[in-house]
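Okay, model.pdb is below, PDB, C-alpha atoms:
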ATOM      1  CA  MET K 229       0.000   0.000   0.000  1.00  0.00           C
ATOM      2  CA  LEU K 230       2.823   2.387   0.863  1.00  0.00           C
ATOM      3  CA  LEU K 231       4.647   1.605  -2.367  1.00  0.00           C
ATOM      4  CA  CYS K 232       1.444   2.243  -4.339  1.00  0.00           C
ATOM      5  CA  LYS K 233       1.096   5.685  -2.773  1.00  0.00           C
ATOM      6  CA  ILE K 234       4.714   6.467  -3.608  1.00  0.00           C
ATOM      7  CA  MET K 235       4.355   5.271  -7.205  1.00  0.00           C
ATOM      8  CA  LEU K 236       1.184   7.341  -7.652  1.00  0.00           C
ATOM      9  CA  ASN K 237       3.160  10.498  -6.725  1.00  0.00           C
ATOM     10  CA  LEU K 238       1.410  10.733  -3.369  1.00  0.00           C
ATOM     11  CA  PRO K 239       4.331  10.293  -0.948  1.00  0.00           C
ATOM     12  CA  GLU K 240       2.744  12.605   1.617  1.00  0.00           C
ATOM     13  CA  ASP K 241      -0.032  10.024   2.062  1.00  0.00           C
ATOM     14  CA  VAL K 242       2.501   7.545   3.469  1.00  0.00           C
ATOM     15  CA  THR K 243       2.806   9.538   6.673  1.00  0.00           C
ATOM     16  CA  SER K 244      -0.953   9.833   7.079  1.00  0.00           C
ATOM     17  CA  LEU K 245      -1.411   6.104   6.447  1.00  0.00           C
ATOM     18  CA  LEU K 246       1.115   5.276   9.143  1.00  0.00           C
ATOM     19  CA  GLN K 247      -0.705   7.450  11.684  1.00  0.00           C
ATOM     20  CA  ILE K 248      -3.893   5.372  11.459  1.00  0.00           C
ATOM     21  CA  LYS K 249      -4.631   3.317  14.553  1.00  0.00           C
ATOM     22  CA  LEU K 250      -4.671   0.027  12.612  1.00  0.00           C
ATOM     23  CA  ALA K 251      -1.148   0.664  11.332  1.00  0.00           C
ATOM     24  CA  ALA K 252       0.306   1.445  14.765  1.00  0.00           C
ATOM     25  CA  ARG K 253       1.704  -2.040  15.318  1.00  0.00           C
ATOM     26  CA  TYR K 254       3.540  -1.993  11.970  1.00  0.00           C
ATOM     27  CA  VAL K 255       5.110   1.463  12.239  1.00  0.00           C
ATOM     28  CA  GLN K 256       8.266   0.231  13.974  1.00  0.00           C
ATOM     29  CA  LEU K 257       9.040  -2.480  11.400  1.00  0.00           C
ATOM     30  CA  ARG K 258      12.181  -2.023   9.347  1.00  0.00           C
ATOM     31  CA  GLU K 259      10.246  -2.637   6.094  1.00  0.00           C
ATOM     32  CA  VAL K 260       7.910   0.249   6.913  1.00  0.00           C
ATOM     33  CA  ASP K 261      10.881   2.458   7.783  1.00  0.00           C
ATOM     34  CA  SER K 262      12.370   1.674   4.383  1.00  0.00           C
ATOM     35  CA  MET K 263       9.168   2.757   2.614  1.00  0.00           C
ATOM     36  CA  ARG K 264       9.038   5.884   4.766  1.00  0.00           C
ATOM     37  CA  ALA K 265      12.609   6.762   3.738  1.00  0.00           C
ATOM     38  CA  VAL K 266      11.805   6.180   0.046  1.00  0.00           C
ATOM     39  CA  ALA K 267       8.663   8.325   0.363  1.00  0.00           C
ATOM     40  CA  ARG K 268      10.640  11.118   2.022  1.00  0.00           C
ATOM     41  CA  ALA K 269      13.246  11.048  -0.740  1.00  0.00           C
ATOM     42  CA  HIS K 270      10.540  11.069  -3.403  1.00  0.00           C
ATOM     43  CA  GLN K 271       8.696  13.925  -1.734  1.00  0.00           C
ATOM     44  CA  ASN K 272      11.921  15.955  -1.572  1.00  0.00           C
ATOM     45  CA  ARG K 273      12.807  14.877  -5.141  1.00  0.00           C
ATOM     46  CA  ASN K 274      16.304  14.165  -3.907  1.00  0.00           C
ATOM     47  CA  LEU K 275      18.299  11.494  -5.744  1.00  0.00           C
ATOM     48  CA  ALA K 276      21.056  11.364  -3.128  1.00  0.00           C
ATOM     49  CA  GLU K 277      18.522  10.777  -0.373  1.00  0.00           C
ATOM     50  CA  PHE K 278      16.840   8.084  -2.493  1.00  0.00           C
ATOM     51  CA  GLU K 279      20.160   6.319  -3.118  1.00  0.00           C
ATOM     52  CA  GLN K 280      20.967   6.539   0.590  1.00  0.00           C
ATOM     53  CA  ALA K 281      17.634   4.918   1.435  1.00  0.00           C
ATOM     54  CA  LEU K 282      18.395   2.136  -1.044  1.00  0.00           C
ATOM     55  CA  LYS K 283      21.780   1.592   0.619  1.00  0.00           C
ATOM     56  CA  ASP K 284      20.471   1.750   4.181  1.00  0.00           C
ATOM     57  CA  TYR K 285      17.590  -0.639   3.511  1.00  0.00           C
ATOM     58  CA  ARG K 286      19.236  -2.837   0.874  1.00  0.00           C
ATOM     59  CA  GLU K 287      17.943  -6.100   2.358  1.00  0.00           C
ATOM     60  CA  GLU K 288      14.337  -4.925   2.638  1.00  0.00           C
ATOM     61  CA  LEU K 289      14.155  -3.222  -0.756  1.00  0.00           C
ATOM     62  CA  SER K 290      16.178  -5.479  -3.024  1.00  0.00           C
ATOM     63  CA  THR K 291      14.969  -8.955  -2.047  1.00  0.00           C
ATOM     64  CA  ASP K 292      11.482  -8.606  -3.549  1.00  0.00           C
ATOM     65  CA  PRO K 293      11.617  -8.381  -7.378  1.00  0.00           C
ATOM     66  CA  THR K 294       8.361  -6.413  -7.550  1.00  0.00           C
ATOM     67  CA  ILE K 295       9.614  -3.736  -5.178  1.00  0.00           C
ATOM     68  CA  ARG K 296      12.989  -3.661  -6.918  1.00  0.00           C
ATOM     69  CA  THR K 297      11.300  -3.141 -10.314  1.00  0.00           C
ATOM     70  CA  HIS K 298       9.054  -0.347  -9.044  1.00  0.00           C
ATOM     71  CA  LEU K 299      11.930   1.373  -7.264  1.00  0.00           C
ATOM     72  CA  ALA K 300      13.987   1.265 -10.466  1.00  0.00           C
ATOM     73  CA  ALA K 301      11.093   2.951 -12.304  1.00  0.00           C
ATOM     74  CA  LEU K 302      10.796   5.478  -9.487  1.00  0.00           C
ATOM     75  CA  TYR K 303      14.526   6.185  -9.689  1.00  0.00           C
ATOM     76  CA  ASP K 304      14.219   6.846 -13.436  1.00  0.00           C
ATOM     77  CA  THR K 305      11.288   9.160 -12.813  1.00  0.00           C
ATOM     78  CA  LEU K 306      13.184  11.076 -10.134  1.00  0.00           C
ATOM     79  CA  LEU K 307      16.213  11.371 -12.406  1.00  0.00           C
ATOM     80  CA  GLU K 308      14.025  12.685 -15.249  1.00  0.00           C
ATOM     81  CA  GLN K 309      12.349  15.234 -12.980  1.00  0.00           C
ATOM     82  CA  ASN K 310      15.692  16.442 -11.654  1.00  0.00           C
ATOM     83  CA  LEU K 311      17.195  16.694 -15.134  1.00  0.00           C
ATOM     84  CA  LEU K 312      14.195  18.643 -16.429  1.00  0.00           C
ATOM     85  CA  ARG K 313      14.346  20.986 -13.454  1.00  0.00           C
ATOM     86  CA  ILE K 314      18.059  21.614 -13.997  1.00  0.00           C
ATOM     87  CA  VAL K 315      18.022  22.180 -17.781  1.00  0.00           C
ATOM     88  CA  GLU K 316      14.757  24.151 -17.863  1.00  0.00           C
ATOM     89  CA  PRO K 317      16.232  27.676 -17.550  1.00  0.00           C
ATOM     90  CA  TYR K 318      18.900  27.091 -20.210  1.00  0.00           C
ATOM     91  CA  SER K 319      18.947  27.051 -23.982  1.00  0.00           C
ATOM     92  CA  VAL K 320      22.451  25.495 -24.013  1.00  0.00           C
ATOM     93  CA  VAL K 321      23.876  23.703 -21.002  1.00  0.00           C
ATOM     94  CA  ASP K 322      27.092  21.765 -20.456  1.00  0.00           C
ATOM     95  CA  ILE K 323      26.509  18.058 -19.779  1.00  0.00           C
ATOM     96  CA  ASP K 324      29.313  17.998 -17.202  1.00  0.00           C
ATOM     97  CA  HIS K 325      27.554  20.775 -15.274  1.00  0.00           C
ATOM     98  CA  VAL K 326      24.261  18.861 -15.312  1.00  0.00           C
ATOM     99  CA  ALA K 327      26.017  15.676 -14.155  1.00  0.00           C
ATOM    100  CA  GLN K 328      27.713  17.566 -11.333  1.00  0.00           C
ATOM    101  CA  VAL K 329      24.470  19.164 -10.129  1.00  0.00           C
ATOM    102  CA  VAL K 330      22.572  15.859 -10.287  1.00  0.00           C
ATOM    103  CA  GLY K 331      25.446  13.991  -8.671  1.00  0.00           C
ATOM    104  CA  GLN K 332      25.611  11.300 -11.336  1.00  0.00           C
ATOM    105  CA  GLY K 333      28.234  10.259 -13.844  1.00  0.00           C
ATOM    106  CA  ARG K 334      28.493  12.057 -17.165  1.00  0.00           C
ATOM    107  CA  ALA K 335      27.797   8.884 -19.157  1.00  0.00           C
ATOM    108  CA  GLN K 336      24.660   8.104 -17.157  1.00  0.00           C
ATOM    109  CA  VAL K 337      23.334  11.658 -17.509  1.00  0.00           C
ATOM    110  CA  GLU K 338      24.105  11.719 -21.222  1.00  0.00           C
ATOM    111  CA  ALA K 339      22.343   8.375 -21.736  1.00  0.00           C
ATOM    112  CA  LYS K 340      19.284   9.553 -19.793  1.00  0.00           C
ATOM    113  CA  LEU K 341      19.147  12.859 -21.680  1.00  0.00           C
ATOM    114  CA  SER K 342      19.323  11.046 -25.017  1.00  0.00           C
ATOM    115  CA  GLN K 343      16.544   8.711 -23.895  1.00  0.00           C
ATOM    116  CA  MET K 344      14.432  11.692 -22.846  1.00  0.00           C
ATOM    117  CA  ILE K 345      15.005  13.319 -26.247  1.00  0.00           C
ATOM    118  CA  LEU K 346      14.013  10.120 -28.058  1.00  0.00           C
ATOM    119  CA  ASP K 347      10.911   9.748 -25.865  1.00  0.00           C
ATOM    120  CA  ARG K 348      10.034  13.401 -26.644  1.00  0.00           C
ATOM    121  CA  ILE K 349      10.082  14.335 -22.986  1.00  0.00           C
ATOM    122  CA  LEU K 350      12.765  16.886 -23.782  1.00  0.00           C
ATOM    123  CA  SER K 351      13.014  18.847 -26.997  1.00  0.00           C
ATOM    124  CA  GLY K 352      16.662  19.264 -27.866  1.00  0.00           C
ATOM    125  CA  VAL K 353      19.831  17.716 -29.224  1.00  0.00           C
ATOM    126  CA  LEU K 354      23.045  16.483 -27.627  1.00  0.00           C
ATOM    127  CA  ASP K 355      26.125  18.086 -29.174  1.00  0.00           C
ATOM    128  CA  GLN K 356      28.783  15.544 -28.313  1.00  0.00           C
ATOM    129  CA  GLY K 357      31.518  17.556 -30.008  1.00  0.00           C
ATOM    130  CA  ARG K 358      31.051  20.460 -27.612  1.00  0.00           C
ATOM    131  CA  GLY K 359      29.740  18.293 -24.767  1.00  0.00           C
ATOM    132  CA  CYS K 360      26.526  20.214 -24.322  1.00  0.00           C
ATOM    133  CA  LEU K 361      22.775  19.923 -24.580  1.00  0.00           C
ATOM    134  CA  ILE K 362      21.009  22.351 -26.896  1.00  0.00           C
ATOM    135  CA  ILE K 363      17.404  22.811 -25.849  1.00  0.00           C
ATOM    136  CA  PHE K 364      14.764  23.898 -28.333  1.00  0.00           C
ATOM    137  CA  ASP K 365      11.776  26.034 -27.473  1.00  0.00           C
ATOM    138  CA  PRO K 366       8.630  23.921 -27.143  1.00  0.00           C
ATOM    139  CA  GLN K 367       6.792  23.949 -30.421  1.00  0.00           C
ATOM    140  CA  GLU K 368       3.112  24.575 -30.450  1.00  0.00           C
ATOM    141  CA  GLU K 369       1.049  22.084 -32.359  1.00  0.00           C
ATOM    142  CA  ASP K 370      -0.237  23.427 -35.640  1.00  0.00           C
ATOM    143  CA  ALA K 371      -3.992  22.975 -36.048  1.00  0.00           C
ATOM    144  CA  LEU K 372      -3.719  23.263 -39.837  1.00  0.00           C
ATOM    145  CA  TYR K 373      -2.967  19.581 -40.311  1.00  0.00           C
ATOM    146  CA  GLY K 374      -6.008  18.456 -38.328  1.00  0.00           C
ATOM    147  CA  ASP K 375      -8.239  20.948 -40.091  1.00  0.00           C
ATOM    148  CA  ALA K 376      -6.989  19.758 -43.493  1.00  0.00           C
ATOM    149  CA  ILE K 377      -7.787  16.149 -42.598  1.00  0.00           C
ATOM    150  CA  LYS K 378     -11.311  17.128 -41.517  1.00  0.00           C
ATOM    151  CA  THR K 379     -11.809  19.031 -44.790  1.00  0.00           C
ATOM    152  CA  ILE K 380     -10.661  16.049 -46.846  1.00  0.00           C
ATOM    153  CA  VAL K 381     -13.061  13.779 -44.953  1.00  0.00           C
ATOM    154  CA  GLN K 382     -15.929  16.181 -45.626  1.00  0.00           C
ATOM    155  CA  VAL K 383     -15.005  16.425 -49.335  1.00  0.00           C
ATOM    156  CA  GLY K 384     -14.969  12.623 -49.442  1.00  0.00           C
ATOM    157  CA  LYS K 385     -18.516  12.545 -48.032  1.00  0.00           C
ATOM    158  CA  VAL K 386     -19.677  15.074 -50.640  1.00  0.00           C
ATOM    159  CA  VAL K 387     -18.121  13.019 -53.449  1.00  0.00           C
ATOM    160  CA  ASP K 388     -19.781   9.856 -52.121  1.00  0.00           C
ATOM    161  CA  SER K 389     -23.189  11.523 -51.950  1.00  0.00           C
ATOM    162  CA  LEU K 390     -22.804  12.941 -55.485  1.00  0.00           C
ATOM    163  CA  TYR K 391     -21.773   9.501 -56.750  1.00  0.00           C
ATOM    164  CA  ALA K 392     -24.843   7.958 -55.076  1.00  0.00           C
ATOM    165  CA  LYS K 393     -27.094  10.572 -56.771  1.00  0.00           C
ATOM    166  CA  THR K 394     -25.572   9.886 -60.196  1.00  0.00           C
ATOM    167  CA  LEU K 395     -26.247   6.181 -59.736  1.00  0.00           C
ATOM    168  CA  ARG K 396     -29.905   6.921 -58.976  1.00  0.00           C
ATOM    169  CA  ILE K 397     -30.255   9.196 -62.012  1.00  0.00           C
ATOM    170  CA  ALA K 398     -28.584   6.774 -64.421  1.00  0.00           C
TER
END
Whole structure given in structure tokens:
Amino acid sequence: MLLCKIMLNLPEDVTSLLQIKLAARYVQLREVDSMRAVARAHQNRNLAEFEQALKDYREELSTDPTIRTHLAALYDTLLEQNLLRIVEPYSVVDIDHVAQVVGQGRAQVEAKLSQMILDRILSGVLDQGRGCLIIFDPQEEDALYGDAIKTIVQVGKVVDSLYAKTLRIA
């Protein structure tokens, strides 16, 4: 239940769930402490705190494959959020600077940025020659394409109705 709240981006609900009378006997368990630490790190959007929680509660968090899979997805989400927050004010930013601020290796940050570009989470290009990320302004979707498709569909209906009338006349 606690992991579900964390994965649904509701880490503040973990504390309220643990204050319920029915949960009082489970609050002191090490497994619950591990989820509380993960929720705190997620709420603070702090990768270092998240990694520390994974180290401190390695046995509780890494033995179950389901929890391990969800925590890996949560780690990727936290990394994406931190990268977006860091590169947002820039139009060109050095990858080494981003890696230093995030506290990750350059290769890992570069791989994640390229994945985010390919997934269209981030609009930009990695310039590996200069070692920087060039961020494009978000492009607004042009309504012309959709309107043209609607017009073509309507013209198709008109042609079909005219064809049906010519068949009746002939």
Assuming the chain letters and numbering stay as they are in my file, what does the PyMOL selection byres ((chain K and resi 249-265) around 8) actually select? List them as a CSV table (one decimal) with C-alpha atoms, in the frame of the given file.
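In the end it all went to result_7.csv:
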chain,number,residue,atom,x,y,z
K,230,LEU,CA,2.8,2.4,0.9
K,231,LEU,CA,4.6,1.6,-2.4
K,242,VAL,CA,2.5,7.5,3.5
K,243,THR,CA,2.8,9.5,6.7
K,245,LEU,CA,-1.4,6.1,6.4
K,246,LEU,CA,1.1,5.3,9.1
K,247,GLN,CA,-0.7,7.4,11.7
K,248,ILE,CA,-3.9,5.4,11.5
K,266,VAL,CA,11.8,6.2,0.0
K,267,ALA,CA,8.7,8.3,0.4
K,268,ARG,CA,10.6,11.1,2.0
K,269,ALA,CA,13.2,11.0,-0.7
K,278,PHE,CA,16.8,8.1,-2.5
K,281,ALA,CA,17.6,4.9,1.4
K,285,TYR,CA,17.6,-0.6,3.5
K,288,GLU,CA,14.3,-4.9,2.6
K,289,LEU,CA,14.2,-3.2,-0.8
One-decimal distance in Å that lies between CA of Glu279 in chain K and CA of Val329 in chain K: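 Separation of CA of Val329 in chain K and CA of Glu279 in chain K: 15.3 Å.
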Contact residues around range 311-313 of chain K with all atoms listed in the file at 10 Å, ignoring same-chain residues under 2 positions, as a list in words: Thr305, Leu306, Leu307, Glu308, Gln309, Val315, Glu316, Pro317, Val326, Ala327, Val329, Val330, Val337, Lys340, Leu341, Met344, Ile349 and Leu350 of chain K
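Here the question is which of K:Leu236, K:Ala300, K:Ala339, K:Cys360 gets nearest to Asp322 in chain K using all atoms listed in the file, and that residue is K:Cys360.
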Straight-line distance linking CA of Met235 in chain K with CA of Leu302 in chain K, stated in Å to one decimal: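 Separation of CA of Met235 in chain K and CA of Leu302 in chain K: 6.8 Å.
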Selection near Asn237 in chain K, 9 Å with all atoms listed in the file, sequence-local residues under 4 positions removed, as a list in words: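 So the residues in contact are Cys232, Lys233, His270 and Gln271 of chain K.
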Kindly provide, as AutoDock Vina command-line options, the centre and edge lengths (Å, one decimal) of an axis-aligned box around all atoms of range 384-397 of chain K given in the file, with 3 Å on each side.
--center_x -22.6 --center_y 10.6 --center_z -55.0 --size_x 21.3 --size_y 14.9 --size_z 20.0
All residues 12 Å or closer to Arg358 in chain K, only C-alpha atoms, same chain fewer than 4 positions away omitted, as an NGL selection string: :K and (320-324 or 353-354 or 362)
Atomic separation - CA of Ile314 in chain K relative to CA of Gln336 in chain K, Å: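 About the pair CA of Gln336 in chain K and CA of Ile314 in chain K: they are 15.4 Å apart.
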Best match for closeness to Asp365 in chain K among K:Gln343, K:Asn310, K:Tyr318, K:Thr379, counting only C-alpha atoms: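 Among K:Gln343, K:Asn310, K:Tyr318, K:Thr379, it is K:Tyr318 that comes nearest to Asp365 in chain K.
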Residue with smallest distance to Ser319 in chain K - pool K:Thr297, K:Ser351, K:Ser290, K:Gln356, counting all atoms listed in the file: K:Ser351
